[in-house]
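Visitor: Can you keep this structure in mind? I'll have questions shortly.
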Amino acid sequence: MKLCVLALDYDGTIAIDGVMDPGVREAIKEARNLGITCVLVTGRILGDLQRLVPDLDIFESVVAENGAVVAFPAKGYSATVGQPPPPSFFRELSLRGIPFTNGESVVETDAGLAWQVLTVIRDLELPLSLLFNRGRLMVLPQAVSKATGLRYAMRTLRLSEHNAIAIGDAENDHQLLRTCEIGVAVSWGSEALKDMADNVLQGQGPPAVADFIRKVSQKPRMSPRQARHRRLLLGTGENGQAVSLAIQGRNILINGDSQSGKSWVAGLLCEQLILHHYSMCIIDAEGDYASLAALPGVVVLGGDDPPPTARDIARTLRYADVSVVLDLSKLGLKEKYDYVRSVLPVLLNIRREMGIPHRILIDEAHYFLQAPDSAALLDRELGGYIMVSYQALLIDAGVLSMAEAVIVTRESSAEEIRVLRSLQPGHASEAEWQFVLGNLNMDEAALLPGVEEACDRLCKFKVTPRLTSHVRHRNKYIDMPLPEKLAFVFVSNGARVGKPAGTMKDFLATLSAVSGDVLAGHVRRNDFSRWIRDVFRDGSLADIVHGLETQYAAGAGEDISEFRQALISTIERRYRPGEPIRPTFSSPLAEGSV
C-alpha cells in the first residue's frame, strides 16, 4: 500500500519539554513536499500548541485534546468532536480542592489524583472516562480517543488510516497506533506500547524520528508485513481454534475445482476487508459479488449499465472508504477480456496517485491473466491482489509467482496440485496434498504452507459464515473459453470431426450434431466425464456423466439419442439452472440433484 499519511504524537515523540525538534520540523516539510500528509495527534490543548508551535500549519491537521478537538491550521478551522463536561463537574472539582486545567473538552490534572476525580465522576453519574499520559491524568468524554480524532481528520481530508503510519511513545497512543496501518512505538517510550506496536523505532529521542520520516518518505510504498492487529477470519481449524490471516497487503490466490466454494471464500475476504474500511475494487466477471452492495460504502458499476470508464472509477474512489464492484456479467467474453486488461493499468495508476483501492480482486484470473504480458498489468510493489481461479496452471508464471498466500477449496487435479505445491511447498508429500485437498467438503478449505499462519503445514479449516448472501452464476462456465490444448475434440476412426470445442457452449452445439457412431465411441471410452473432471474440475458433474456413460455401455439406453439428450440436459441443469430441461434417462443418476 502507498504511504499517504504520517500521524505523529507530540510530547516525547517529536518534542522534548514542549519544544519541537528542529530536525523533525525539516523532515516534515520534506515529507509534505513529496505529497505526504502530516497530522499532529496529541493530548495537548490546542491553545497551548499554538503558543508552542507558531508554524503549526506545517501540519495539514492537528488532533488535539487526545482526539476531542480537530483543527486544520492553514484553513483556520477547528471542530470539537467531544462535548465538554457540564459545569457541575468543574464546580465539584473546585469544591474538593482538586487543581485542574481544561480545554474545549479535555480536563487535565495530576495522575495521583485519579481516585478523587473518579469519585467525583461516580457521584455526579457523568459519562466521562479517565486516561493516563505519563504523570498526567486526562478526563474525556466516553469513546473519545486519538483514534476517533484521527478518523475525523482523515474523513475530512478524504484519506484513509490504511495509508497511514503512526508514531507514538506513551499510554494514550495505543488506539492511535492500532488505527493506522502501521503503528510504530519509539524505543524510549512505554514498554506496553512497544509490546503492541507493529514496529519499534530504535534511537535516542526526536532526531531518530526525523531520520525515520525521511526514510519512509523517500520510498512511499508501505510494506505492512509486520502489521498483526488486523486479521481476516477464515474459519475453524480441526483443533477447534480460529484460523485467520493477517491483513498485510499480501497477494492471495484462491484456487479449487468448479463449484467447490471459491467465490464463497473470496466473498468472505471481501466482506471483512470492506468492514475493516479498506477500499476494494472487485472485477466481477459474472455478477457473483453484487450482493456485497448490502455493505456500507460499496458501489456496483456496470451490470445492466455500460461498464464504467476510467474517469467513472476515479470519481467513485475519491472517498477512501468506498469500494467498487465492476459487474461485467452482461458483456461478451472478448469485451470482458479487453475491458479487464484495459482497466488494470488504470487501477494501478489510481493507486499510485491516491493510495486506493487498497485491494483488487480479479475473478476468473486464469482467463484474464494467462497472456505472457499479464504481470505487467499488476503492481508488484504495491501488491494487494486477490486472484480467484479454478485453473492456476493457466495463469501466467510471472503473475502466479506473485502469490504470497494460497487458499484452496476442493482440488481434484493432480496437475493443479503440483502447481500449487511449487508455490507453497511445505513438508507434506504430494500424496498427502492430493488426499487432503481432494477430499475437502463444500464448507471446507485449506491454507497452504508458506505463510506464518499455516504453521508450515496444510491448514485445513471449516469456512466461517458470511454476512451477505452468495449468488452462484453457474452459467459463466458455458461461455468461458479454454486454451486450445484443453478443448474437446470429437473424433471418428482417429480423424477429427468438426472444430475443437473451446467452450462448453461449443461442446453442447457439436454434441447435438455429431453422428451416433462418433458419440458412442466417446461414451465407451468415458471421454465426456474425464474431460469435465480434468478440465472444468467439476467432480460432482463428472460423476453423474460417468454414471450416464456406464448406463449406456451396460445397455440401459437402447438408442444413443437417449444418451445424447440425457448428457445435454444434465450439463444444462448444472450450468443453466433457469432454462428448460430436456428429458433424461429414467434413472436415479439422471434424476438426481446436480
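The way I read the labels, and the way they are meant: chains A, B, ... in the order of the C-alpha cells, residue 1 as the first residue of every chain, and ligand 1 as the first ligand shown, with later ones counted on from there.
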Residues near Pro296 in chain A, anyone? I mean within 12 Å using only C-alpha atoms, not counting same-chain ones fewer than 4 positions away, as an MDAnalysis selection string.

Guide: chainID A and resid 271:279 291:292 300 321:324 468

Visitor: Ala446 in chain A: which residues within 8 Å, counting only C-alpha atoms, same-chain residues fewer than 5 positions away excluded, as a short mmCIF file (atom, residue, chain, number, x, y, z; two decimals) with C-alpha atoms, in the first residue's frame?

Guide:
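Listed below is the output, result-v4.cif:
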data_model
loop_
_atom_site.label_atom_id
_atom_site.label_comp_id
_atom_site.auth_asym_id
_atom_site.auth_seq_id
_atom_site.Cartn_x
_atom_site.Cartn_y
_atom_site.Cartn_z
CA ILE A 407 -6.24 -20.74 -0.07
CA VAL A 408 -7.56 -23.90 -1.73
CA THR A 409 -11.07 -25.28 -1.82
CA LEU A 437 -7.26 -31.19 -0.97
CA LEU A 458 -1.67 -27.85 5.11
CA CYS A 459 -4.00 -25.96 7.43
CA LYS A 460 -7.49 -27.36 6.85
CA PHE A 461 -10.44 -25.39 8.22
#

Visitor: Counting only C-alpha atoms, what is within 8 Å of Leu177 in chain A, bar same-chain residues fewer than 4 positions away, as a list in words?

Guide: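 Near Leu177 in chain A, the qualifying residues are Ile165, Ala166, Ile167, Gly168, Asp173, Ile182, Gly183, Val184, Ala185 and Ala197 of chain A.
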
Visitor: Keeping C-alpha atoms for every residue in the selection just given, could you write it to a file as a compact mmCIF listing (two decimals), in the first residue's frame?

Guide:
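Dumped to result11.txt:
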# COMPACT_ATOMS: atom_id res chain seq x y z
CA ILE A 165 1.94 5.27 9.69
CA ALA A 166 1.51 6.41 13.30
CA ILE A 167 4.38 7.11 15.72
CA GLY A 168 3.91 7.47 19.47
CA ASP A 173 -1.08 6.33 21.93
CA ILE A 182 1.43 0.52 10.72
CA GLY A 183 1.89 1.56 14.33
CA VAL A 184 5.41 2.50 15.43
CA ALA A 185 6.44 2.91 19.06
CA ALA A 197 3.26 -1.90 18.20

Visitor: Excluding range 117-125 of chain A and its own-chain neighbours fewer than 5 positions away, which residues fall within 8 Å of it when counting only C-alpha atoms? Please give them as a compact mmCIF listing (two decimals) with N, CA and C atoms, in the first residue's frame.

Guide:
# COMPACT_ATOMS: atom_id res chain seq x y z
N PHE A 89 -19.36 19.53 37.05
CA PHE A 89 -18.12 18.79 37.23
C PHE A 89 -16.99 19.73 37.67
N GLU A 92 -17.53 20.88 41.29
CA GLU A 92 -17.23 19.85 42.28
C GLU A 92 -15.72 19.64 42.43
N LEU A 93 -14.98 19.72 41.31
CA LEU A 93 -13.52 19.63 41.40
C LEU A 93 -12.96 20.76 42.26
N ILE A 98 -9.38 20.01 44.03
CA ILE A 98 -8.62 19.28 43.00
C ILE A 98 -8.19 20.27 41.92
N LEU A 130 -11.34 8.17 32.19
CA LEU A 130 -10.01 8.62 32.59
C LEU A 130 -8.95 7.99 31.70

Visitor: For Phe59 in chain A, which of A:Val346, A:Val399, A:Ile28, A:Ile252 is the closest residue, counting only C-alpha atoms?

Guide: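 Smallest distance to Phe59 in chain A is found for A:Ile28.
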
Visitor: Name the residues in contact with Ala509 in chain A at a cut-off of 12 Å, using only C-alpha atoms, excluding same-chain residues fewer than 2 positions from it; report them as a short mmCIF file (atom, residue, chain, number, x, y, z; two decimals) with N, CA and C atoms, in the first residue's frame.

Guide:
data_model
loop_
_atom_site.label_atom_id
_atom_site.label_comp_id
_atom_site.auth_asym_id
_atom_site.auth_seq_id
_atom_site.Cartn_x
_atom_site.Cartn_y
_atom_site.Cartn_z
N ILE A 478 -20.45 -21.79 -19.21
CA ILE A 478 -20.92 -22.10 -20.55
C ILE A 478 -20.06 -21.41 -21.61
N PHE A 490 -13.88 -34.01 -30.94
CA PHE A 490 -14.66 -35.18 -31.35
C PHE A 490 -13.90 -35.88 -32.48
N GLY A 498 -15.27 -32.01 -37.06
CA GLY A 498 -15.61 -30.64 -36.73
C GLY A 498 -14.48 -29.91 -36.02
N LYS A 499 -14.80 -28.72 -35.52
CA LYS A 499 -13.80 -27.91 -34.82
C LYS A 499 -13.71 -28.32 -33.35
N PRO A 500 -12.54 -28.15 -32.73
CA PRO A 500 -12.43 -28.42 -31.29
C PRO A 500 -13.39 -27.53 -30.51
N ALA A 501 -14.00 -28.08 -29.47
CA ALA A 501 -14.94 -27.34 -28.64
C ALA A 501 -14.16 -26.56 -27.59
N GLY A 502 -14.01 -25.26 -27.82
CA GLY A 502 -13.23 -24.42 -26.92
C GLY A 502 -14.01 -23.86 -25.75
N THR A 503 -15.35 -24.03 -25.76
CA THR A 503 -16.18 -23.64 -24.63
C THR A 503 -17.22 -24.73 -24.41
N MET A 504 -17.86 -24.71 -23.25
CA MET A 504 -18.93 -25.67 -23.01
C MET A 504 -20.09 -25.45 -23.97
N LYS A 505 -20.30 -24.21 -24.35
CA LYS A 505 -21.36 -23.91 -25.31
C LYS A 505 -21.05 -24.56 -26.65
N ASP A 506 -19.80 -24.47 -27.10
CA ASP A 506 -19.40 -25.11 -28.35
C ASP A 506 -19.55 -26.63 -28.24
N PHE A 507 -19.20 -27.16 -27.08
CA PHE A 507 -19.31 -28.59 -26.86
C PHE A 507 -20.75 -29.06 -27.01
N LEU A 511 -22.11 -31.55 -29.79
CA LEU A 511 -22.72 -32.76 -29.25
C LEU A 511 -24.09 -33.03 -29.87
N SER A 512 -24.82 -31.96 -30.14
CA SER A 512 -26.15 -32.11 -30.73
C SER A 512 -26.09 -32.54 -32.19
N ALA A 513 -24.93 -32.30 -32.85
CA ALA A 513 -24.87 -32.50 -34.30
C ALA A 513 -24.10 -33.74 -34.74
N VAL A 514 -23.19 -34.26 -33.92
CA VAL A 514 -22.36 -35.38 -34.37
C VAL A 514 -23.19 -36.65 -34.51
N ARG A 564 -27.57 -38.87 -25.70
CA ARG A 564 -27.30 -37.51 -26.15
C ARG A 564 -28.19 -36.52 -25.40
N ILE A 568 -26.86 -33.67 -22.61
CA ILE A 568 -27.11 -32.23 -22.81
C ILE A 568 -27.95 -31.67 -21.67
N GLU A 572 -26.91 -28.79 -18.88
CA GLU A 572 -27.68 -27.56 -18.79
C GLU A 572 -28.30 -27.38 -17.40
#

Visitor: Out of range 264-508 of chain A, which residues get strand (DSSP E or B) from DSSP, as JSON, numbers by chain?

Guide: {"A": [280, 281, 282, 283, 284, 298, 299, 300, 301, 302, 323, 324, 325, 326, 327, 359, 360, 361, 362, 385, 386, 387, 388, 389, 405, 406, 407, 408, 444, 445, 446, 447, 459, 460, 461, 462, 463, 488, 491, 492, 495, 496, 501]}

Visitor: Could you please determine the separation between CA of Ala392 in chain A and CA of Glu364 in chain A in Å, to one decimal place?

Guide: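 Going from CA of Ala392 in chain A over to CA of Glu364 in chain A, I get 9.9 Å.
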
Visitor: Could you tell me how far CA of His522 in chain A lies from CA of Arg573 in chain A, in Å and to one decimal?

Guide: 21.4 Å
